$ cat structure_25.txt   # compact mmCIF, C-alpha atoms and all ligand atoms
# COMPACT_ATOMS: atom_id res chain seq x y z
CA MET A 1363 108.35 78.14 100.00
CA ALA A 1364 111.40 80.36 100.45
CA LYS A 1365 110.92 84.12 100.02
CA ALA A 1366 113.92 84.20 97.64
CA ASN A 1367 117.25 82.48 96.99
CA VAL A 1368 120.45 83.99 98.32
CA VAL A 1369 123.97 82.85 97.46
CA LEU A 1370 126.32 83.93 100.24
CA GLY A 1371 129.96 84.34 99.18
CA VAL A 1372 132.37 84.12 102.11
CA THR A 1373 135.94 85.44 102.02
CA ALA A 1374 138.81 85.49 104.50
CA SER A 1375 138.51 88.43 106.85
CA ILE A 1376 138.50 88.39 110.64
CA ALA A 1377 134.84 89.47 110.27
CA ILE A 1378 134.09 86.04 108.74
CA TYR A 1379 131.95 85.03 111.75
CA LYS A 1380 129.47 87.73 110.67
CA ALA A 1381 128.68 85.58 107.63
CA LEU A 1382 127.20 83.00 110.04
CA GLU A 1383 125.05 85.68 111.69
CA VAL A 1384 123.84 87.00 108.33
CA LEU A 1385 123.04 83.43 107.27
CA SER A 1386 121.06 82.80 110.43
CA ILE A 1387 119.03 86.06 110.07
CA LEU A 1388 118.32 85.23 106.43
CA LYS A 1389 117.06 81.78 107.39
CA LYS A 1390 114.87 83.21 110.17
CA ARG A 1391 113.35 85.65 107.66
CA GLY A 1392 112.49 82.80 105.29
CA TYR A 1393 115.22 82.90 102.65
CA ALA A 1394 116.89 79.83 101.08
CA VAL A 1395 120.68 80.19 101.30
CA ARG A 1396 123.58 78.44 99.56
CA VAL A 1397 127.21 79.23 100.36
CA ALA A 1398 130.39 79.63 98.31
CA MET A 1399 133.75 80.03 100.08
CA THR A 1400 137.23 81.01 98.96
CA GLU A 1401 140.05 78.63 99.89
CA GLU A 1402 141.41 81.11 102.48
CA ALA A 1403 137.97 81.48 104.07
CA GLN A 1404 137.80 77.69 104.45
CA GLU A 1405 140.98 77.87 106.52
CA MET A 1406 139.26 80.23 108.95
CA ILE A 1407 135.89 78.44 109.28
CA SER A 1408 135.23 74.92 108.08
CA PRO A 1409 132.63 74.64 105.27
CA VAL A 1410 131.01 71.96 107.46
CA VAL A 1411 129.62 74.73 109.70
CA PHE A 1412 127.87 76.38 106.74
CA GLU A 1413 126.73 72.97 105.45
CA ALA A 1414 125.09 72.23 108.78
CA LEU A 1415 123.29 75.58 108.77
CA THR A 1416 122.11 75.41 105.15
CA ASN A 1417 121.57 71.64 104.79
CA ALA A 1418 123.38 71.93 101.49
CA GLU A 1419 126.84 71.37 100.11
CA VAL A 1420 129.12 74.41 100.18
CA TYR A 1421 130.79 75.36 96.89
CA THR A 1422 134.49 75.25 97.72
CA ASP A 1423 136.60 74.41 94.69
CA VAL A 1424 136.54 75.73 91.13
CA MET A 1425 139.04 73.12 89.92
CA GLU A 1426 137.00 70.22 91.29
CA GLU A 1427 134.02 71.03 89.10
CA ILE A 1428 136.21 71.54 86.05
CA GLU A 1429 137.70 68.07 86.57
CA SER A 1430 134.33 66.38 87.25
CA ASP A 1431 132.03 64.95 84.54
CA ASP A 1432 129.01 66.70 86.03
CA THR A 1433 127.29 68.72 83.31
CA ASN A 1434 125.39 70.73 85.91
CA ILE A 1435 128.38 73.01 86.55
CA THR A 1436 128.14 74.30 90.11
CA HIS A 1437 128.98 77.96 89.63
CA VAL A 1438 126.56 78.26 86.71
CA ALA A 1439 123.80 76.45 88.62
CA LEU A 1440 124.34 78.63 91.71
CA ALA A 1441 124.54 81.80 89.61
CA LYS A 1442 121.18 80.93 88.00
CA TRP A 1443 119.57 79.81 91.27
CA ALA A 1444 120.40 83.08 93.05
CA ASP A 1445 117.98 85.99 93.29
CA VAL A 1446 120.60 87.80 95.35
CA PHE A 1447 124.36 87.24 95.49
CA VAL A 1448 126.00 88.75 98.58
CA VAL A 1449 129.62 88.70 99.73
CA VAL A 1450 130.05 88.81 103.52
CA PRO A 1451 132.69 89.77 104.45
CA ALA A 1452 134.27 91.21 101.30
CA THR A 1453 138.05 91.59 101.52
CA ALA A 1454 140.13 94.06 99.48
CA ASN A 1455 141.34 91.03 97.53
CA ILE A 1456 137.90 89.81 96.43
CA ILE A 1457 136.83 93.40 95.67
CA ALA A 1458 139.85 93.76 93.35
CA LYS A 1459 139.16 90.40 91.71
CA MET A 1460 135.48 91.06 91.16
CA SER A 1461 136.05 94.56 89.81
CA TYR A 1462 138.54 93.26 87.22
CA GLY A 1463 136.60 90.15 86.23
CA PHE A 1464 138.79 87.43 87.76
CA ALA A 1465 137.11 84.05 88.08
CA ASP A 1466 139.58 81.75 89.80
CA ASP A 1467 137.80 81.12 93.10
CA PRO A 1468 134.24 80.07 94.06
CA VAL A 1469 133.17 83.62 94.96
CA SER A 1470 134.56 85.70 92.07
CA ILE A 1471 133.42 83.13 89.50
CA ILE A 1472 129.78 83.44 90.67
CA ALA A 1473 130.07 87.26 90.76
CA LEU A 1474 131.08 87.15 87.10
CA THR A 1475 128.39 84.67 86.06
CA THR A 1476 125.25 85.65 87.95
CA LYS A 1477 122.50 88.01 86.82
CA ALA A 1478 121.20 88.25 90.40
CA HIS A 1479 121.27 91.43 92.51
CA LYS A 1480 124.85 91.82 93.74
CA ILE A 1481 125.70 93.15 97.19
CA ILE A 1482 128.96 93.28 99.12
CA ALA A 1483 129.78 94.10 102.75
CA PRO A 1484 133.47 95.13 102.89
CA ALA A 1485 135.55 94.60 106.03
CA MET A 1486 139.18 95.60 106.37
CA ASN A 1487 141.75 97.85 108.03
CA THR A 1488 140.98 101.58 107.73
CA ASP A 1489 144.05 102.51 105.66
CA MET A 1490 143.40 99.61 103.34
CA TYR A 1491 139.74 100.61 102.92
CA LEU A 1492 140.59 104.26 102.27
CA ASN A 1493 143.38 103.34 99.86
CA PRO A 1494 142.52 104.94 96.48
CA ILE A 1495 142.99 101.59 94.75
CA VAL A 1496 140.30 99.94 96.90
CA GLN A 1497 138.04 102.99 96.50
CA LYS A 1498 138.52 102.88 92.73
CA ASN A 1499 137.67 99.17 92.68
CA LEU A 1500 134.51 99.84 94.72
CA GLU A 1501 133.53 102.52 92.20
CA ILE A 1502 133.97 100.02 89.37
CA LEU A 1503 131.71 97.57 91.22
CA LYS A 1504 129.07 100.28 91.81
CA GLU A 1505 129.15 101.24 88.13
CA ASN A 1506 128.46 97.60 87.37
CA GLY A 1507 125.39 97.42 89.57
CA PHE A 1508 126.90 96.16 92.84
CA VAL A 1509 125.43 97.65 96.01
CA ILE A 1510 127.99 98.33 98.74
CA VAL A 1511 126.86 98.06 102.35
CA GLU A 1512 129.34 100.61 103.63
CA PRO A 1513 131.57 99.57 106.53
CA ILE A 1514 131.19 101.51 109.77
CA ASP A 1515 133.49 103.07 112.34
CA GLY A 1516 134.46 100.53 114.98
CA GLU A 1517 137.08 98.34 116.62
CA LEU A 1518 139.27 96.63 114.04
CA ALA A 1519 141.27 93.40 114.21
CA CYS A 1520 144.53 95.39 114.09
CA ASN A 1521 143.66 96.91 117.51
CA THR A 1522 142.76 100.26 116.02
CA LYS A 1523 139.48 102.10 115.66
CA GLY A 1524 138.19 103.50 112.42
CA VAL A 1525 136.13 102.92 109.31
CA GLY A 1526 136.42 99.40 107.93
CA HIS A 1527 134.40 97.52 110.52
CA ILE A 1528 131.80 95.43 108.71
CA ALA A 1529 128.25 96.88 108.68
CA LEU A 1530 125.65 95.59 111.15
CA CYS A 1531 124.32 92.18 110.11
CA GLU A 1532 120.69 93.41 110.30
CA ASP A 1533 121.62 96.24 107.92
CA ILE A 1534 123.25 93.80 105.49
CA VAL A 1535 120.10 91.66 105.52
CA ASP A 1536 117.93 94.77 105.08
CA VAL A 1537 119.92 95.68 101.98
CA ILE A 1538 119.48 92.12 100.67
CA GLU A 1539 115.70 92.31 101.26
CA SER A 1540 115.51 95.80 99.83
CA SER A 1541 117.09 94.64 96.54
CA LEU A 1542 114.00 92.52 95.91
CA TYR A 1543 111.57 95.45 95.98
CA PHE A 1544 110.57 97.48 92.95
CA LYS A 1545 111.73 101.09 93.44
CA HIS A 1546 108.34 102.78 93.01
CA PHE A 1547 109.42 105.77 95.11
CA GLU A 1548 112.76 106.42 93.36
CA GLY A 1549 113.41 110.18 93.38
CA ARG A 1550 110.52 110.87 95.78
CA LYS A 1551 110.71 112.27 99.30
CA VAL A 1552 108.90 110.48 102.14
CA ILE A 1553 108.86 111.81 105.69
CA ILE A 1554 107.55 109.59 108.47
CA THR A 1555 106.89 110.51 112.09
CA ALA A 1556 107.07 107.75 114.68
CA GLY A 1557 106.88 106.98 118.38
CA PRO A 1558 105.41 109.01 121.19
CA THR A 1559 106.34 112.53 122.18
CA ALA A 1560 107.50 113.17 125.75
CA GLU A 1561 106.29 116.35 127.40
CA PRO A 1562 108.52 117.23 130.36
CA ILE A 1563 107.03 118.15 133.74
CA ASP A 1564 110.36 118.67 135.50
CA PRO A 1565 113.93 117.42 134.82
CA VAL A 1566 112.98 113.85 135.83
CA ARG A 1567 109.34 113.38 134.80
CA TYR A 1568 107.32 113.61 131.62
CA ILE A 1569 103.94 112.80 130.07
CA THR A 1570 103.98 110.29 127.25
CA ASN A 1571 101.98 107.38 125.79
CA ARG A 1572 102.32 103.72 124.85
CA SER A 1573 103.71 104.11 121.32
CA SER A 1574 106.80 101.96 120.73
CA GLY A 1575 107.61 103.50 117.34
CA LYS A 1576 107.35 100.12 115.56
CA MET A 1577 104.65 101.22 113.10
CA GLY A 1578 106.54 104.37 112.06
CA PHE A 1579 109.87 102.54 111.79
CA ALA A 1580 108.24 99.83 109.65
CA LEU A 1581 106.90 102.55 107.34
CA ALA A 1582 110.36 104.14 107.08
CA LYS A 1583 111.96 100.78 106.30
CA MET A 1584 109.44 99.95 103.58
CA ALA A 1585 109.61 103.47 102.08
CA LYS A 1586 113.39 103.05 101.85
CA PHE A 1587 113.02 99.53 100.39
CA MET A 1588 110.74 101.06 97.75
CA GLY A 1589 113.42 103.59 96.82
CA ALA A 1590 112.25 106.75 98.63
CA ASP A 1591 114.55 109.40 100.00
CA THR A 1592 113.30 108.71 103.53
CA THR A 1593 113.44 110.81 106.68
CA LEU A 1594 112.21 109.48 110.01
CA ILE A 1595 111.36 111.97 112.75
CA THR A 1596 110.93 110.04 115.95
CA GLY A 1597 110.08 110.62 119.57
CA PRO A 1598 111.99 108.70 122.26
CA VAL A 1599 112.03 104.97 121.33
CA CYS A 1600 114.47 102.07 121.63
CA LEU A 1601 114.65 101.04 117.97
CA ARG A 1602 117.42 100.86 115.40
CA GLU A 1603 116.78 103.06 112.38
CA PRO A 1604 116.44 101.22 109.07
CA TYR A 1605 119.55 101.24 106.88
CA GLY A 1606 119.86 104.34 104.69
CA VAL A 1607 117.10 106.28 106.45
CA LYS A 1608 117.83 109.77 107.82
CA ARG A 1609 116.79 109.77 111.49
CA ILE A 1610 115.94 112.87 113.52
CA ASP A 1611 115.31 112.38 117.24
CA VAL A 1612 112.93 114.73 119.00
CA GLU A 1613 111.32 114.86 122.41
CA ARG A 1614 108.33 117.22 122.59
CA ALA A 1615 105.49 117.75 120.10
CA THR A 1616 106.81 121.25 119.41
CA ASP A 1617 110.25 119.77 118.59
CA MET A 1618 108.56 117.40 116.13
CA LEU A 1619 106.72 120.31 114.53
CA ASP A 1620 109.96 122.33 114.18
CA ALA A 1621 111.84 119.34 112.71
CA LEU A 1622 109.02 118.78 110.19
CA LYS A 1623 109.07 122.43 109.13
CA ARG A 1624 112.84 122.27 108.59
CA GLU A 1625 112.66 119.05 106.55
CA ILE A 1626 109.73 120.25 104.44
CA SER A 1627 111.45 123.61 103.76
CA LYS A 1628 114.51 121.76 102.42
CA ALA A 1629 112.59 119.27 100.24
CA GLU A 1630 111.93 119.84 96.54
CA GLY A 1631 109.00 118.47 94.54
CA GLU A 1632 106.31 116.23 95.93
CA ILE A 1633 106.63 115.29 99.60
CA ILE A 1634 104.70 112.45 101.22
CA LEU A 1635 104.23 112.84 104.96
CA ILE A 1636 102.96 109.92 107.03
CA MET A 1637 102.05 110.90 110.58
CA ALA A 1638 102.33 107.61 112.48
CA ALA A 1639 103.58 109.33 115.65
CA ALA A 1640 101.37 109.30 118.70
CA VAL A 1641 101.78 112.99 119.44
CA ALA A 1642 100.84 113.94 123.00
CA ASP A 1643 97.74 116.10 122.80
CA PHE A 1644 98.56 117.72 126.13
CA LYS A 1645 101.66 119.15 127.77
CA PRO A 1646 102.25 120.56 131.26
CA LYS A 1647 101.34 124.26 131.31
CA GLU A 1648 104.46 125.00 133.27
CA TYR A 1649 107.88 123.30 133.28
CA LYS A 1650 109.57 123.22 136.69
CA GLU A 1651 113.35 123.77 136.48
CA SER A 1652 114.04 121.53 139.50
CA LYS A 1653 112.51 118.24 140.66
CA ILE A 1654 109.04 118.72 142.18
CA LYS A 1655 109.03 117.54 145.80
CA LYS A 1656 106.19 115.72 147.58
CA SER A 1657 104.24 118.06 149.83
CA GLY A 1658 102.08 115.49 151.61
CA SER A 1659 98.91 116.75 149.95
CA GLU A 1660 97.19 116.58 146.56
CA PHE A 1661 99.32 117.60 143.57
CA VAL A 1662 97.55 119.30 140.66
CA LEU A 1663 99.14 119.30 137.22
CA VAL A 1664 97.64 121.83 134.80
CA LEU A 1665 97.86 120.86 131.12
CA ASP A 1666 97.79 122.91 127.93
CA GLU A 1667 96.93 121.59 124.50
CA ASN A 1668 99.80 120.89 122.13
CA PRO A 1669 99.53 122.30 118.61
CA ASP A 1670 97.91 119.99 116.06
CA ILE A 1671 101.11 119.23 114.14
CA THR A 1672 99.38 117.86 111.04
CA ALA A 1673 96.99 120.79 110.63
CA GLU A 1674 99.86 123.27 111.17
CA ILE A 1675 102.13 121.51 108.71
CA ASN A 1676 99.37 121.49 106.14
CA ARG A 1677 99.04 125.29 106.52
CA PHE A 1678 102.82 125.73 106.47
CA ALA A 1679 103.12 123.74 103.22
CA LYS A 1680 100.42 125.82 101.52
CA GLU A 1681 102.01 129.10 102.64
CA ASN A 1682 105.41 127.92 101.35
CA ASP A 1683 104.13 126.47 98.06
CA LYS A 1684 105.10 122.91 98.95
CA ASN A 1685 103.44 119.98 97.25
CA LEU A 1686 102.57 117.95 100.35
CA ILE A 1687 100.50 114.76 100.54
CA ILE A 1688 99.60 113.84 104.11
CA VAL A 1689 98.49 110.49 105.47
CA GLY A 1690 97.34 110.48 109.09
CA PHE A 1691 96.77 107.75 111.63
CA ALA A 1692 93.90 107.67 114.11
CA ALA A 1693 94.37 105.86 117.39
CA GLU A 1694 90.92 105.24 118.85
CA THR A 1695 89.50 103.16 121.67
CA ASN A 1696 85.85 103.61 120.61
CA ASP A 1697 83.75 104.71 117.61
CA LEU A 1698 86.80 104.04 115.43
CA ILE A 1699 85.31 104.96 112.06
CA GLU A 1700 83.36 108.03 113.18
CA ASN A 1701 86.26 109.48 115.16
CA ALA A 1702 88.77 108.78 112.40
CA LYS A 1703 86.56 110.34 109.70
CA LYS A 1704 86.38 113.64 111.59
CA LYS A 1705 90.17 113.95 111.45
CA ILE A 1706 90.46 113.67 107.64
CA GLU A 1707 89.12 117.12 106.83
CA LYS A 1708 90.31 118.81 110.01
CA LYS A 1709 93.92 117.79 109.28
CA GLY A 1710 93.80 117.93 105.44
CA LEU A 1711 94.59 114.26 104.85
CA GLU A 1712 94.77 112.14 101.70
CA PHE A 1713 93.50 109.27 103.82
CA ILE A 1714 93.59 108.17 107.43
CA VAL A 1715 94.75 104.86 108.87
CA ALA A 1716 92.30 103.97 111.62
CA ASN A 1717 93.75 101.93 114.45
CA ASP A 1718 91.79 100.24 117.24
CA VAL A 1719 94.15 100.78 120.18
CA SER A 1720 91.85 99.06 122.67
CA ARG A 1721 93.14 95.69 121.36
CA SER A 1722 96.27 94.23 122.93
CA ASP A 1723 97.16 92.00 119.94
CA ILE A 1724 97.71 94.96 117.56
CA ALA A 1725 98.72 98.65 117.52
CA PHE A 1726 100.62 99.95 120.60
CA GLY A 1727 103.82 97.95 121.15
CA SER A 1728 102.75 94.93 119.09
CA ASP A 1729 104.67 93.60 116.07
CA ASP A 1730 101.32 93.37 114.25
CA ASN A 1731 98.59 95.74 113.26
CA GLU A 1732 95.18 95.70 111.64
CA VAL A 1733 93.87 98.91 110.15
CA ILE A 1734 91.06 100.47 108.16
CA LEU A 1735 91.96 103.06 105.53
CA ILE A 1736 89.37 105.79 105.24
CA TYR A 1737 89.50 108.18 102.28
CA ALA A 1738 88.15 111.73 102.03
CA ASN A 1739 85.34 110.51 99.71
CA GLY A 1740 84.17 108.07 102.38
CA LYS A 1741 85.62 104.94 100.73
CA ARG A 1742 86.94 102.39 103.24
CA GLU A 1743 89.40 99.52 102.98
CA LYS A 1744 90.32 97.06 105.69
CA ILE A 1745 93.86 95.69 105.83
CA ASN A 1746 93.69 92.44 107.77
CA LYS A 1747 95.96 91.67 110.69
CA ALA A 1748 99.58 91.34 109.53
CA SER A 1749 103.06 92.36 110.60
CA LYS A 1750 103.61 96.12 110.80
CA GLU A 1751 106.03 95.82 107.85
CA GLU A 1752 103.32 94.23 105.70
CA ILE A 1753 100.80 96.88 106.80
CA ALA A 1754 103.38 99.58 106.00
CA PHE A 1755 103.90 98.14 102.52
CA GLU A 1756 100.14 98.13 101.89
CA ILE A 1757 99.81 101.77 103.02
CA LEU A 1758 102.71 102.84 100.80
CA ARG A 1759 101.37 100.86 97.84
CA ARG A 1760 98.33 103.14 97.87
CA LEU A 1761 100.59 106.17 97.41
CA ILE A 1762 102.53 104.93 94.36
O1 LIG A 1801 104.24 102.97 117.83
P1 LIG A 1801 103.54 101.63 117.89
O2 LIG A 1801 103.68 100.97 119.22
O3 LIG A 1801 103.95 100.77 116.73
O4 LIG A 1801 101.98 101.91 117.71
C1 LIG A 1801 101.48 102.40 116.53
C2 LIG A 1801 100.43 103.52 116.75
C3 LIG A 1801 99.23 102.94 117.44
C4 LIG A 1801 101.02 104.65 117.60
C5 LIG A 1801 100.08 104.10 115.34
O5 LIG A 1801 99.61 103.06 114.53
C6 LIG A 1801 99.04 105.19 115.41
O6 LIG A 1801 97.86 104.96 115.44
N1 LIG A 1801 99.54 106.47 115.44
C7 LIG A 1801 98.73 107.68 115.62
C8 LIG A 1801 98.48 107.92 117.07
C9 LIG A 1801 97.73 109.20 117.34
O7 LIG A 1801 98.31 110.13 117.84
O8 LIG A 1801 96.48 109.22 116.91
P2 LIG A 1801 95.50 110.47 117.12
O9 LIG A 1801 94.18 109.95 116.71
O10 LIG A 1801 95.67 111.04 118.48
O11 LIG A 1801 96.01 111.55 116.10
C10 LIG A 1801 95.54 111.64 114.75
C11 LIG A 1801 96.63 112.08 113.83
O12 LIG A 1801 97.05 113.41 114.14
C12 LIG A 1801 97.89 111.23 113.90
O13 LIG A 1801 98.40 111.09 112.59
C13 LIG A 1801 98.83 112.05 114.79
O14 LIG A 1801 100.19 111.82 114.43
C14 LIG A 1801 98.42 113.47 114.48
N2 LIG A 1801 98.53 114.42 115.61
C15 LIG A 1801 98.04 114.11 116.83
C16 LIG A 1801 98.11 115.05 117.85
C17 LIG A 1801 98.72 116.31 117.59
N3 LIG A 1801 98.84 117.21 118.55
N4 LIG A 1801 99.18 116.58 116.36
C18 LIG A 1801 99.08 115.67 115.37
O15 LIG A 1801 99.51 115.94 114.25

$ encode --input "structure_25.txt" --output "structure tokens"
Amino acid sequence: MAKANVVLGVTASIAIYKALEVLSILKKRGYAVRVAMTEEAQEMISPVVFEALTNAEVYTDVMEEIESDDTNITHVALAKWADVFVVVPATANIIAKMSYGFADDPVSIIALTTKAHKIIAPAMNTDMYLNPIVQKNLEILKENGFVIVEPIDGELACNTKGVGHIALCEDIVDVIESSLYFKHFEGRKVIITAGPTAEPIDPVRYITNRSSGKMGFALAKMAKFMGADTTLITGPVCLREPYGVKRIDVERATDMLDALKREISKAEGEIILIMAAAVADFKPKEYKESKIKKSGSEFVLVLDENPDITAEINRFAKENDKNLIIVGFAAETNDLIENAKKKIEKKGLEFIVANDVSRSDIAFGSDDNEVILIYANGKREKINKASKEEIAFEILRRLI
């Protein structure tokens, strides 16, 4: 069964090919998709292409359905079928039509009829996008519940660079997915740490660990989907930040600690901190300003302990009267439960997420995880193996 039904409205911008990419990501993620195209869009890409990809007829002509005897009127049926209605790309023309309630093409007529979540991804020339008329029309759409996936700075069809380039397709799909989540964390602040830290030895070498950042990024994505004001503080990783999440890149454990202090100082009200980062426990005692050369004999590296970020942040929050709830992770290769339990009190945690990192099918680098939640009162809950996003959702659900 499909996760949800998406009606994709396609209009005539040079970014039209992005509609195909969005469609293909949606299908891969398990959504059922139907397509509606304006007449001008059909001149740029044949509806046959969308028909082949969706295995369904594309809605192309408002007049045709008016003239037919079919009582199952297409735009009404599609409007009802949709859980999400998304326009990719959205031209200045369709934005104007939708904001003023026009209904003379297959896209604007669905926009006016549907009760589904409504999302648009504008794409146009910079001057056109920044034109007060377009901005006013976007405001009207926002006031009427439309979510705008803001265009980004980039190369434009008119051989210029500037804002107006359509948002990344993954971001558009994230916004579509996000619209289906209940906003339990609306108005709440969630800070997530992710990835490893890297502790420099000299300008070319460092100590780090196997964390890919996937678990922390999945938590940030889900927190955002659930409506949180989300900040992600991450060590060096090769991952794209989830749409709408504030990302802060750090290198060393001490940088992560400083960034956390800054973010917590700024935040008002309750703050949820989830420490998914694999912070390096040790750092070189001495940093060499130039590259260490081989000497032909044994090389000894002396290590110091890094501060325990979680314990320090807990103290910092108390001293500064901050209402902080902390969830920790425990990465263990042996005696998982016993070792994890010891960290709850030491670090002042609400609960700890115990991770068996000796397994290669979960935890470090994997797309999946399997964890045991251990609470301060000794209660335990296993979350069976699932994608890191599903695990993240389950962890966050316990903090609602
Ligand atoms: O990034 P992935 O590839 O997706 O892998 C995910 C993960 C295995 C890294 C993640 O699920 C995980 O288990 N993260 C915690 C790793 C870790 O550092 O565990 P720990 O048992 O060493 O530390 C316990 C807790 O204290 C953690 O919340 C850690 O962030 C924190 N800590 C650790 C050391 C330190 N100096 N200060 C800390 O605050």

$ closest_residue --input "structure_25.txt" --among "A:Glu1674, A:Asp1730, A:Asp1643, A:Glu1548" --to "ligand LIG 1801 (chain A)" --atoms "all atoms listed in the file"
A:Asp1643

$ closest_atom_pairs --input "structure_25.txt" --of "chain A" --to "ligand LIG 1801 (chain A)" --cutoff "8 Å" --atoms "all atoms listed in the file" --output "Markdown table"
| residue | atom | partner | partner_atom | distance |
| --- | --- | --- | --- | --- |
| A:Thr1555 | CA | A:LIG1801 | O14 | 7.2 |
| A:Ala1556 | CA | A:LIG1801 | O1 | 6.4 |
| A:Gly1557 | CA | A:LIG1801 | O1 | 4.8 |
| A:Pro1558 | CA | A:LIG1801 | O1 | 7.0 |
| A:Arg1572 | CA | A:LIG1801 | O2 | 6.4 |
| A:Ser1573 | CA | A:LIG1801 | O1 | 3.7 |
| A:Ser1574 | CA | A:LIG1801 | O2 | 3.6 |
| A:Gly1575 | CA | A:LIG1801 | O1 | 3.4 |
| A:Lys1576 | CA | A:LIG1801 | O3 | 3.7 |
| A:Met1577 | CA | A:LIG1801 | O3 | 3.7 |
| A:Gly1578 | CA | A:LIG1801 | O1 | 6.4 |
| A:Phe1579 | CA | A:LIG1801 | O3 | 7.9 |
| A:Ala1615 | CA | A:LIG1801 | N3 | 6.8 |
| A:Ile1636 | CA | A:LIG1801 | O13 | 7.3 |
| A:Met1637 | CA | A:LIG1801 | O13 | 4.2 |
| A:Ala1638 | CA | A:LIG1801 | N1 | 4.2 |
| A:Ala1639 | CA | A:LIG1801 | O14 | 4.4 |
| A:Ala1640 | CA | A:LIG1801 | O7 | 3.3 |
| A:Val1641 | CA | A:LIG1801 | C16 | 4.5 |
| A:Ala1642 | CA | A:LIG1801 | N3 | 5.9 |
| A:Asp1643 | CA | A:LIG1801 | N3 | 4.5 |
| A:Phe1644 | CA | A:LIG1801 | N3 | 7.6 |
| A:Glu1667 | CA | A:LIG1801 | N3 | 7.6 |
| A:Asn1668 | CA | A:LIG1801 | N3 | 5.2 |
| A:Pro1669 | CA | A:LIG1801 | N3 | 5.1 |
| A:Asp1670 | CA | A:LIG1801 | N4 | 3.7 |
| A:Ile1671 | CA | A:LIG1801 | O15 | 3.7 |
| A:Thr1672 | CA | A:LIG1801 | O15 | 3.7 |
| A:Ala1673 | CA | A:LIG1801 | O15 | 6.6 |
| A:Glu1674 | CA | A:LIG1801 | O15 | 8.0 |
| A:Val1689 | CA | A:LIG1801 | O13 | 7.1 |
| A:Gly1690 | CA | A:LIG1801 | O13 | 3.7 |
| A:Phe1691 | CA | A:LIG1801 | O13 | 3.8 |
| A:Ala1692 | CA | A:LIG1801 | O9 | 3.5 |
| A:Ala1693 | CA | A:LIG1801 | O8 | 4.0 |
| A:Glu1694 | CA | A:LIG1801 | O9 | 6.1 |
| A:Ala1702 | CA | A:LIG1801 | O9 | 7.0 |
| A:Lys1705 | CA | A:LIG1801 | C10 | 6.7 |
| A:Lys1709 | CA | A:LIG1801 | O12 | 7.3 |
| A:Ile1714 | CA | A:LIG1801 | O13 | 7.6 |
| A:Val1715 | CA | A:LIG1801 | O6 | 7.3 |
| A:Ala1716 | CA | A:LIG1801 | O6 | 6.8 |
| A:Asn1717 | CA | A:LIG1801 | O6 | 5.2 |
| A:Asp1718 | CA | A:LIG1801 | O6 | 7.9 |
| A:Val1719 | CA | A:LIG1801 | C3 | 6.2 |
| A:Ala1725 | CA | A:LIG1801 | C3 | 4.3 |
| A:Phe1726 | CA | A:LIG1801 | O2 | 3.5 |
| A:Gly1727 | CA | A:LIG1801 | O2 | 3.6 |
| A:Ser1728 | CA | A:LIG1801 | O2 | 6.1 |
| A:Asp1729 | CA | A:LIG1801 | O3 | 7.2 |
| A:Asn1731 | CA | A:LIG1801 | O5 | 7.5 |
| A:Lys1750 | CA | A:LIG1801 | O3 | 7.5 |

$ residues_around --input "structure_25.txt" --residues "Asn1417 of chain A" --least-positions-apart "4" --cutoff "12 Å" --atoms "only C-alpha atoms" --output "mmCIF file with C-alpha atoms, in the frame of the given file"
data_model
loop_
_atom_site.group_PDB
_atom_site.id
_atom_site.type_symbol
_atom_site.label_atom_id
_atom_site.label_comp_id
_atom_site.auth_asym_id
_atom_site.auth_seq_id
_atom_site.Cartn_x
_atom_site.Cartn_y
_atom_site.Cartn_z
ATOM 1 C CA LYS A 1389 117.060 81.780 107.390
ATOM 2 C CA ALA A 1394 116.890 79.830 101.080
ATOM 3 C CA VAL A 1395 120.680 80.190 101.300
ATOM 4 C CA ARG A 1396 123.580 78.440 99.560
ATOM 5 C CA VAL A 1397 127.210 79.230 100.360
ATOM 6 C CA PRO A 1409 132.630 74.640 105.270
ATOM 7 C CA VAL A 1410 131.010 71.960 107.460
ATOM 8 C CA VAL A 1411 129.620 74.730 109.700
ATOM 9 C CA PHE A 1412 127.870 76.380 106.740
ATOM 10 C CA GLU A 1413 126.730 72.970 105.450
#

$ atom_distance --input "structure_25.txt" --atom1 "atom CA of Asn1499 of chain A" --atom2 "atom CA of Val1469 of chain A"
16.3 Å

$ residues_around --input "structure_25.txt" --residues "Ile1610 of chain A" --least-positions-apart "2" --cutoff "8 Å" --atoms "only C-alpha atoms" --output "list in words"
Thr1593, Leu1594, Ile1595, Thr1596, Lys1608, Val1612 and Ala1621 of chain A

$ atom_distance --input "structure_25.txt" --atom1 "atom CA of Ser1461 of chain A" --atom2 "atom CA of Val1369 of chain A"
18.5 Å

$ residues_around --input "structure_25.txt" --residues "Ile1378 of chain A" --least-positions-apart "6" --cutoff "8 Å" --atoms "all atoms listed in the file" --output "list in words"
Val1372, Ala1403, Met1406, Ile1407, Val1450 and Pro1451 of chain A

$ closest_residue --input "structure_25.txt" --among "A:Ile1724, A:Ile1654, A:Leu1758, A:Ile1376" --to "Pro1562 of chain A" --atoms "all atoms listed in the file"
A:Ile1654

$ atom_distance --input "structure_25.txt" --atom1 "atom CA of Ile1538 of chain A" --atom2 "atom CA of Val1496 of chain A"
22.6 Å

$ residues_around --input "structure_25.txt" --residues "Glu1681 of chain A" --least-positions-apart "6" --cutoff "12 Å" --atoms "all atoms listed in the file" --output "PDB file with C-alpha atoms, keeping the file's coordinate frame"
ATOM      1  CA  LYS A1623     109.070 122.430 109.130  1.00  0.00           C
ATOM      2  CA  ILE A1626     109.730 120.250 104.440  1.00  0.00           C
ATOM      3  CA  SER A1627     111.450 123.610 103.760  1.00  0.00           C
ATOM      4  CA  GLU A1674      99.860 123.270 111.170  1.00  0.00           C
ATOM      5  CA  ILE A1675     102.130 121.510 108.710  1.00  0.00           C
TER       6      ILE A1675
END
